[in-house]
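S.K.: Next comes the structure file upload.cif, holding mmCIF, C-alpha atoms.
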data_input
#
loop_
_atom_site.label_atom_id
_atom_site.label_comp_id
_atom_site.auth_asym_id
_atom_site.auth_seq_id
_atom_site.Cartn_x
_atom_site.Cartn_y
_atom_site.Cartn_z
CA MET P 1 -12.92 -77.52 -18.25
CA ALA P 2 -10.70 -75.84 -15.70
CA TRP P 3 -11.70 -72.72 -13.85
CA PHE P 4 -9.18 -70.42 -12.26
CA LYS P 5 -9.75 -68.11 -9.37
CA ARG P 6 -7.40 -65.32 -8.22
CA THR P 7 -6.28 -66.02 -4.68
CA LYS P 8 -3.97 -62.99 -4.25
CA GLN P 9 -4.61 -59.30 -4.47
CA ASN P 10 -3.71 -57.39 -7.60
CA ILE P 11 -0.13 -56.15 -7.92
CA ALA P 12 0.17 -53.10 -5.74
CA THR P 13 0.82 -49.84 -7.60
CA GLN P 14 2.10 -46.54 -6.27
CA GLU P 15 -0.68 -44.13 -5.48
CA LYS P 16 -0.99 -41.47 -8.18
CA LYS P 17 -0.09 -38.01 -6.96
CA GLU P 18 -2.09 -35.20 -8.46
CA LEU P 19 0.21 -32.29 -9.27
CA GLY P 20 -2.59 -29.93 -10.18
CA GLU P 21 -2.86 -27.45 -13.01
CA GLY P 22 0.09 -25.18 -13.84
CA HIS P 23 2.89 -27.47 -12.61
CA TRP P 24 4.16 -28.33 -16.08
CA ILE P 25 5.54 -26.09 -18.83
CA LYS P 26 5.64 -26.95 -22.53
CA CYS P 27 8.24 -25.33 -24.77
CA PRO P 28 6.55 -23.72 -27.80
CA LYS P 29 9.68 -24.28 -29.90
CA CYS P 30 10.66 -27.93 -29.32
CA ASP P 31 7.62 -29.25 -27.33
CA GLU P 32 9.79 -30.29 -24.38
CA ILE P 33 7.78 -30.80 -21.18
CA MET P 34 9.42 -29.61 -17.97
CA HIS P 35 8.36 -29.14 -14.39
CA LYS P 36 7.69 -25.53 -13.42
CA LYS P 37 10.36 -25.53 -10.68
CA GLN P 38 12.92 -26.97 -13.08
CA TRP P 39 11.99 -24.26 -15.60
CA GLU P 40 12.24 -21.45 -13.03
CA ASN P 41 15.62 -22.69 -11.79
CA ASN P 42 16.83 -22.65 -15.40
CA PHE P 43 16.24 -18.88 -15.73
CA TYR P 44 12.84 -19.49 -17.38
CA LEU P 45 14.56 -21.16 -20.35
CA CYS P 46 13.71 -24.44 -22.02
CA THR P 47 15.93 -27.13 -20.52
CA LYS P 48 16.35 -28.77 -23.94
CA CYS P 49 16.63 -26.05 -26.60
CA ASP P 50 17.29 -22.92 -24.46
CA TYR P 51 14.17 -21.16 -25.75
CA HIS P 52 13.78 -17.85 -23.89
CA PHE P 53 10.26 -17.60 -22.48
CA ARG P 54 8.78 -14.15 -21.98
CA ILE P 55 8.98 -13.08 -18.35
CA GLY P 56 7.95 -9.94 -16.49
CA SER P 57 9.63 -7.25 -14.44
CA GLU P 58 9.39 -9.20 -11.17
CA GLU P 59 11.31 -12.13 -12.63
CA TYR P 60 14.01 -9.88 -14.11
CA PHE P 61 14.45 -8.00 -10.85
CA LYS P 62 14.87 -11.25 -8.94
CA LEU P 63 17.27 -12.73 -11.51
CA LEU P 64 19.48 -9.65 -11.81
CA PHE P 65 19.59 -7.99 -8.39
CA ASP P 66 21.84 -9.58 -5.77
CA ASN P 67 19.94 -11.99 -3.50
CA SER P 68 16.76 -10.94 -5.36
CA GLU P 69 16.72 -7.83 -3.16
CA PHE P 70 15.60 -4.49 -4.60
CA LYS P 71 13.64 -1.40 -3.70
CA GLU P 72 10.84 -0.43 -6.05
CA PHE P 73 9.94 3.24 -6.31
CA ASP P 74 7.09 5.26 -7.87
CA ARG P 75 5.07 2.04 -7.97
CA LYS P 76 1.53 3.42 -8.07
CA VAL P 77 1.83 5.98 -10.87
CA THR P 78 -1.18 5.35 -13.15
CA SER P 79 -2.49 6.69 -16.45
CA LYS P 80 -5.31 9.24 -16.65
CA ASP P 81 -7.85 9.33 -19.45
CA PRO P 82 -7.64 12.87 -20.91
CA LEU P 83 -9.37 11.81 -24.16
CA ASP P 84 -12.26 9.90 -22.53
CA PHE P 85 -11.28 7.13 -24.94
CA VAL P 86 -13.66 4.25 -25.64
CA ASP P 87 -13.13 1.24 -27.93
CA THR P 88 -14.62 -2.09 -26.88
CA LYS P 89 -14.65 -0.67 -23.35
CA LYS P 90 -13.80 2.59 -21.63
CA TYR P 91 -10.06 3.21 -21.25
CA LYS P 92 -10.56 3.92 -17.53
CA ASP P 93 -12.18 0.52 -17.12
CA ARG P 94 -9.44 -1.19 -19.16
CA ILE P 95 -6.77 0.33 -16.90
CA ASN P 96 -8.59 -0.67 -13.71
CA ASP P 97 -9.32 -4.18 -14.97
CA THR P 98 -5.68 -4.71 -15.99
CA ILE P 99 -4.43 -3.49 -12.60
CA LYS P 100 -6.73 -5.99 -10.86
CA LYS P 101 -5.75 -8.82 -13.21
CA THR P 102 -1.97 -8.33 -13.20
CA GLY P 103 -1.21 -6.53 -9.93
CA LEU P 104 0.74 -4.01 -12.03
CA TYR P 105 -0.06 -0.30 -12.23
CA ASP P 106 1.33 0.20 -15.74
CA ALA P 107 3.63 -1.37 -18.32
CA ILE P 108 6.90 -0.48 -16.55
CA ARG P 109 8.38 -0.70 -13.04
CA ASN P 110 11.38 1.05 -11.50
CA ALA P 111 13.72 -0.50 -8.95
CA ILE P 112 17.12 0.18 -7.43
CA GLY P 113 19.49 -2.46 -6.14
CA GLU P 114 22.91 -4.02 -6.71
CA ILE P 115 24.28 -6.25 -9.45
CA ASN P 116 27.38 -8.10 -8.16
CA GLY P 117 27.72 -5.38 -5.54
CA LYS P 118 27.39 -2.46 -7.96
CA GLU P 119 24.39 -0.18 -7.51
CA CYS P 120 22.13 0.53 -10.48
CA VAL P 121 18.60 1.55 -11.40
CA ILE P 122 16.52 -0.74 -13.64
CA SER P 123 13.31 0.13 -15.44
CA ALA P 124 11.69 -3.13 -16.61
CA MET P 125 8.66 -3.37 -18.89
CA ASP P 126 5.77 -5.84 -18.60
CA PHE P 127 4.06 -7.14 -21.74
CA ASN P 128 1.08 -8.36 -19.70
CA PHE P 129 -0.02 -4.76 -19.11
CA ILE P 130 -1.89 -3.88 -22.35
CA GLY P 131 0.84 -5.42 -24.49
CA GLY P 132 3.63 -3.42 -22.87
CA SER P 133 2.25 -0.36 -24.63
CA MET P 134 3.84 3.04 -24.10
CA GLY P 135 1.59 5.59 -22.48
CA SER P 136 2.25 8.68 -20.39
CA VAL P 137 3.25 6.57 -17.38
CA VAL P 138 6.01 4.75 -19.27
CA GLY P 139 7.62 8.04 -20.28
CA GLU P 140 7.20 9.49 -16.79
CA LYS P 141 8.65 6.46 -15.01
CA ILE P 142 11.64 6.37 -17.35
CA ALA P 143 12.19 10.05 -16.53
CA ARG P 144 11.97 9.29 -12.79
CA GLY P 145 14.26 6.28 -13.16
CA ILE P 146 16.88 8.49 -14.82
CA GLN P 147 16.45 11.15 -12.14
CA ARG P 148 17.10 8.51 -9.47
CA ALA P 149 20.20 7.25 -11.32
CA ILE P 150 21.51 10.82 -11.52
CA LYS P 151 20.83 11.36 -7.82
CA GLU P 152 22.61 8.13 -6.85
CA LYS P 153 25.31 8.61 -9.54
CA CYS P 154 24.84 5.08 -10.77
CA PRO P 155 24.26 3.29 -14.12
CA TYR P 156 20.78 3.04 -15.61
CA ILE P 157 19.26 0.01 -17.38
CA ILE P 158 16.00 -0.37 -19.32
CA ILE P 159 14.63 -3.84 -20.06
CA SER P 160 12.30 -3.36 -23.01
CA LYS P 161 9.31 -5.53 -23.86
CA SER P 162 6.75 -3.54 -25.80
CA GLY P 163 4.16 -3.73 -28.54
CA GLY P 164 4.46 0.00 -29.26
CA ALA P 165 2.55 3.17 -28.49
CA ARG P 166 -0.74 3.03 -26.57
CA MET P 167 -3.46 4.07 -29.01
CA MET P 168 -5.83 5.07 -26.20
CA GLU P 169 -3.56 8.04 -25.41
CA ALA P 170 -2.96 9.04 -29.04
CA ALA P 171 -0.45 11.92 -29.42
CA ILE P 172 0.26 11.90 -25.68
CA SER P 173 1.69 8.41 -26.11
CA LEU P 174 3.85 9.50 -29.06
CA MET P 175 5.25 12.38 -26.99
CA GLN P 176 6.86 9.83 -24.67
CA LEU P 177 9.41 9.00 -27.40
CA ALA P 178 10.76 12.54 -27.24
CA LYS P 179 10.44 12.75 -23.45
CA SER P 180 12.40 9.56 -22.77
CA SER P 181 15.05 10.47 -25.36
CA ALA P 182 15.52 13.92 -23.81
CA TRP P 183 16.01 12.44 -20.35
CA LEU P 184 18.55 9.94 -21.70
CA ALA P 185 20.47 12.89 -23.12
CA LYS P 186 20.41 14.41 -19.61
CA LEU P 187 21.81 11.14 -18.22
CA ALA P 188 24.63 11.32 -20.78
CA GLU P 189 25.45 14.87 -19.67
CA HIS P 190 26.15 13.44 -16.21
CA LYS P 191 28.43 10.83 -17.82
CA LEU P 192 26.39 7.94 -16.45
CA PRO P 193 26.06 4.77 -18.56
CA TYR P 194 22.77 3.64 -20.05
CA ILE P 195 22.44 -0.03 -21.01
CA SER P 196 19.45 -1.11 -23.08
CA VAL P 197 18.28 -4.73 -22.91
CA LEU P 198 15.88 -5.71 -25.69
CA THR P 199 13.67 -8.74 -25.05
CA ASP P 200 10.87 -10.42 -26.98
CA PRO P 201 9.15 -8.39 -28.38
CA THR P 202 10.61 -4.89 -28.65
CA THR P 203 8.65 -3.06 -31.33
CA GLY P 204 6.96 0.21 -32.23
CA GLY P 205 7.72 3.37 -30.30
CA ALA P 206 10.07 1.62 -27.87
CA SER P 207 12.38 0.47 -30.67
CA ALA P 208 12.06 3.93 -32.28
CA SER P 209 13.32 5.66 -29.14
CA PHE P 210 14.84 4.55 -25.83
CA SER P 211 15.33 0.86 -26.66
CA MET P 212 17.88 1.64 -29.39
CA LEU P 213 19.62 4.56 -27.66
CA GLY P 214 21.80 2.65 -25.21
CA ASP P 215 25.50 3.21 -24.82
CA VAL P 216 25.33 -0.57 -25.21
CA ASN P 217 22.38 -2.37 -26.80
CA ILE P 218 21.97 -5.99 -25.67
CA ALA P 219 19.31 -8.47 -26.78
CA GLU P 220 18.17 -11.88 -25.65
CA PRO P 221 18.46 -14.68 -28.24
CA ASP P 222 15.77 -14.78 -30.94
CA ALA P 223 13.97 -11.72 -29.55
CA LEU P 224 11.68 -9.99 -32.05
CA ILE P 225 13.04 -6.48 -32.60
CA GLY P 226 11.68 -3.95 -35.08
CA PHE P 227 9.36 -1.03 -35.66
CA ALA P 228 6.44 -2.73 -37.44
CA GLY P 229 5.94 -6.48 -37.15
CA PRO P 230 7.00 -8.89 -39.92
CA ARG P 231 3.42 -9.37 -41.12
CA VAL P 232 2.94 -5.61 -41.59
CA VAL P 233 6.31 -5.24 -43.34
CA ARG P 234 5.48 -8.14 -45.67
CA GLN P 235 2.13 -6.60 -46.56
CA ALA P 236 3.65 -3.15 -47.12
CA THR P 237 6.53 -4.34 -49.31
CA GLY P 238 4.81 -7.23 -51.02
CA LYS P 239 8.03 -9.23 -50.72
CA ASP P 240 9.15 -12.31 -48.86
CA LEU P 241 11.33 -11.46 -45.88
CA PRO P 242 14.84 -12.86 -45.28
CA LYS P 243 15.21 -15.78 -42.89
CA GLY P 244 15.41 -14.58 -39.30
CA PHE P 245 14.19 -11.09 -40.25
CA GLN P 246 13.84 -8.80 -37.21
CA HIS P 247 15.14 -11.40 -34.79
CA ALA P 248 18.02 -10.48 -32.50
CA GLU P 249 20.76 -12.29 -34.40
CA PHE P 250 19.65 -10.75 -37.73
CA VAL P 251 19.49 -7.28 -36.15
CA GLN P 252 22.99 -7.73 -34.70
CA GLU P 253 24.39 -8.79 -38.08
CA HIS P 254 23.06 -5.54 -39.54
CA GLY P 255 24.75 -3.37 -36.92
CA PHE P 256 21.90 -2.35 -34.62
CA LEU P 257 22.92 -4.44 -31.61
CA ASP P 258 26.22 -4.78 -29.79
CA CYS P 259 25.65 -8.32 -28.57
CA VAL P 260 23.12 -11.09 -28.06
CA VAL P 261 23.36 -12.56 -24.55
CA ASN P 262 21.80 -15.67 -23.05
CA ARG P 263 19.67 -14.85 -20.01
CA LYS P 264 21.92 -17.05 -17.86
CA ASP P 265 24.83 -14.72 -18.63
CA LEU P 266 22.93 -11.43 -18.57
CA LYS P 267 23.71 -10.44 -14.99
CA ASP P 268 27.48 -10.88 -15.38
CA LYS P 269 27.45 -9.15 -18.77
CA LEU P 270 25.62 -6.14 -17.36
CA TYR P 271 28.11 -5.97 -14.52
CA GLN P 272 31.06 -6.07 -16.95
CA PHE P 273 29.67 -3.20 -19.00
CA MET P 274 28.80 -1.12 -15.93
CA VAL P 275 32.29 -1.51 -14.48
CA TYR P 276 33.96 -0.69 -17.79
CA MET P 277 31.84 2.40 -18.53
CA HIS P 278 31.29 3.74 -15.01
CA ASP P 279 34.45 2.93 -13.08
CA LYS P 280 36.87 3.70 -15.87
CA LYS P 281 37.64 7.40 -15.79
#
Kindly transcribe the structure held in the file into structure tokens.
M.R.:
Amino acid sequence: MAWFKRTKQNIATQEKKELGEGHWIKCPKCDEIMHKKQWENNFYLCTKCDYHFRIGSEEYFKLLFDNSEFKEFDRKVTSKDPLDFVDTKKYKDRINDTIKKTGLYDAIRNAIGEINGKECVISAMDFNFIGGSMGSVVGEKIARGIQRAIKEKCPYIIISKSGGARMMEAAISLMQLAKSSAWLAKLAEHKLPYISVLTDPTTGGASASFSMLGDVNIAEPDALIGFAGPRVVRQATGKDLPKGFQHAEFVQEHGFLDCVVNRKDLKDKLYQFMVYMHDKK
């Protein structure tokens, strides 16, 4: 019986490099796995199917403003608690906890900068702040964004991403629909363009007011757009909904959107509309 003994070392293998948690992104639509840097360089889109991931105000500002340079204003405006509202926790505590968790002070941020050399003001919403809900701060910061656009005589853009009114502020939240609409009318009096960009999701009070009042209404592909969500509509009507119901392409087909634009093309499209509406006398 023969016995064999290994005389050489095992085949050398490359040392495994630990990338750590959070370095890989999985597409929820097609299950493609991509490296985080690759994903970021692709405008936060899936590299295989072009799925548009939800992103926040910081990402939009950096993607749209030239050289990712912008000046934020009215950053630390925060909500009060006039109703002393309590659900699973006090509203004051919910606000403070969300500020600590996200680094945001409310569900919208204002910034001024240039898109392809043309100055504009952008108000961008953040879904991570209590579901992008509209409270008194959202209405106030839209008003201040419009005031800044009027002062600088430049176009105004809102990037919507909202779950609707903020229940903790009750009627005060609903008043923001009228407040933001009134200030947009003031912007129109100064003959300054307002471009609305609807992203996933744009629902509730946002879609019932400023999000649908643009001189031009643009949406990202497959964004959920509507007043009540599909589940609520299905329950209320008791009927099956059409394919693609309340998604951007469906909404465009029914006349509520001017165009659906891939995020890669959004900056140039915004510039085209601003030049056409603002420079053309």
S.K.: If you take every atom of region 221-225 of chain P that the file lists and fit an axis-aligned box around them with 4 Å extra on each side, what centre and edge lengths come out in Å to one decimal, as JSON?
M.R.:
{"center_x": 15.1, "center_y": -10.6, "center_z": -30.4, "size_x": 14.8, "size_y": 16.3, "size_z": 12.4}
S.K.: Expressed in Å to a single decimal, how great is the separation between CA of Leu257 (chain P) and CA of Gly163 (chain P)?
M.R.: 19.0 Å
S.K.: Starting from the PyMOL selection byres ((chain P and resi 50-54) around 10), expand the selection into actual residues of this file and give them as an NGL selection string.
M.R.: :P and (27-30 or 39 or 42-49 or 55-56 or 59 or 126-128 or 161 or 199-201 or 220-223 or 262-264)
S.K.: Have a look at CA of Gly135 (chain P) and CA of Ser181 (chain P) and let me know their distance in Å, one decimal.
M.R.: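 Atom-to-atom, CA of Gly135 (chain P) to CA of Ser181 (chain P), that is 14.6 Å.
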S.K.: Kindly indicate which residue among P:Ser196, P:Thr102, P:Ser136, P:Asn96 lies nearest to Tyr156 (chain P), using all atoms listed in the file for the distances.
M.R.: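 Distance minimum relative to Tyr156 (chain P) lands on P:Ser196.
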S.K.: I need every residue sitting at most 12 Å from the point (-1.8, -3.6, -9.6) (coordinates as in the file, all atoms listed in the file considered), written as a ChimeraX atom specification.
M.R.: /P:75-78,95-109,126,128-129
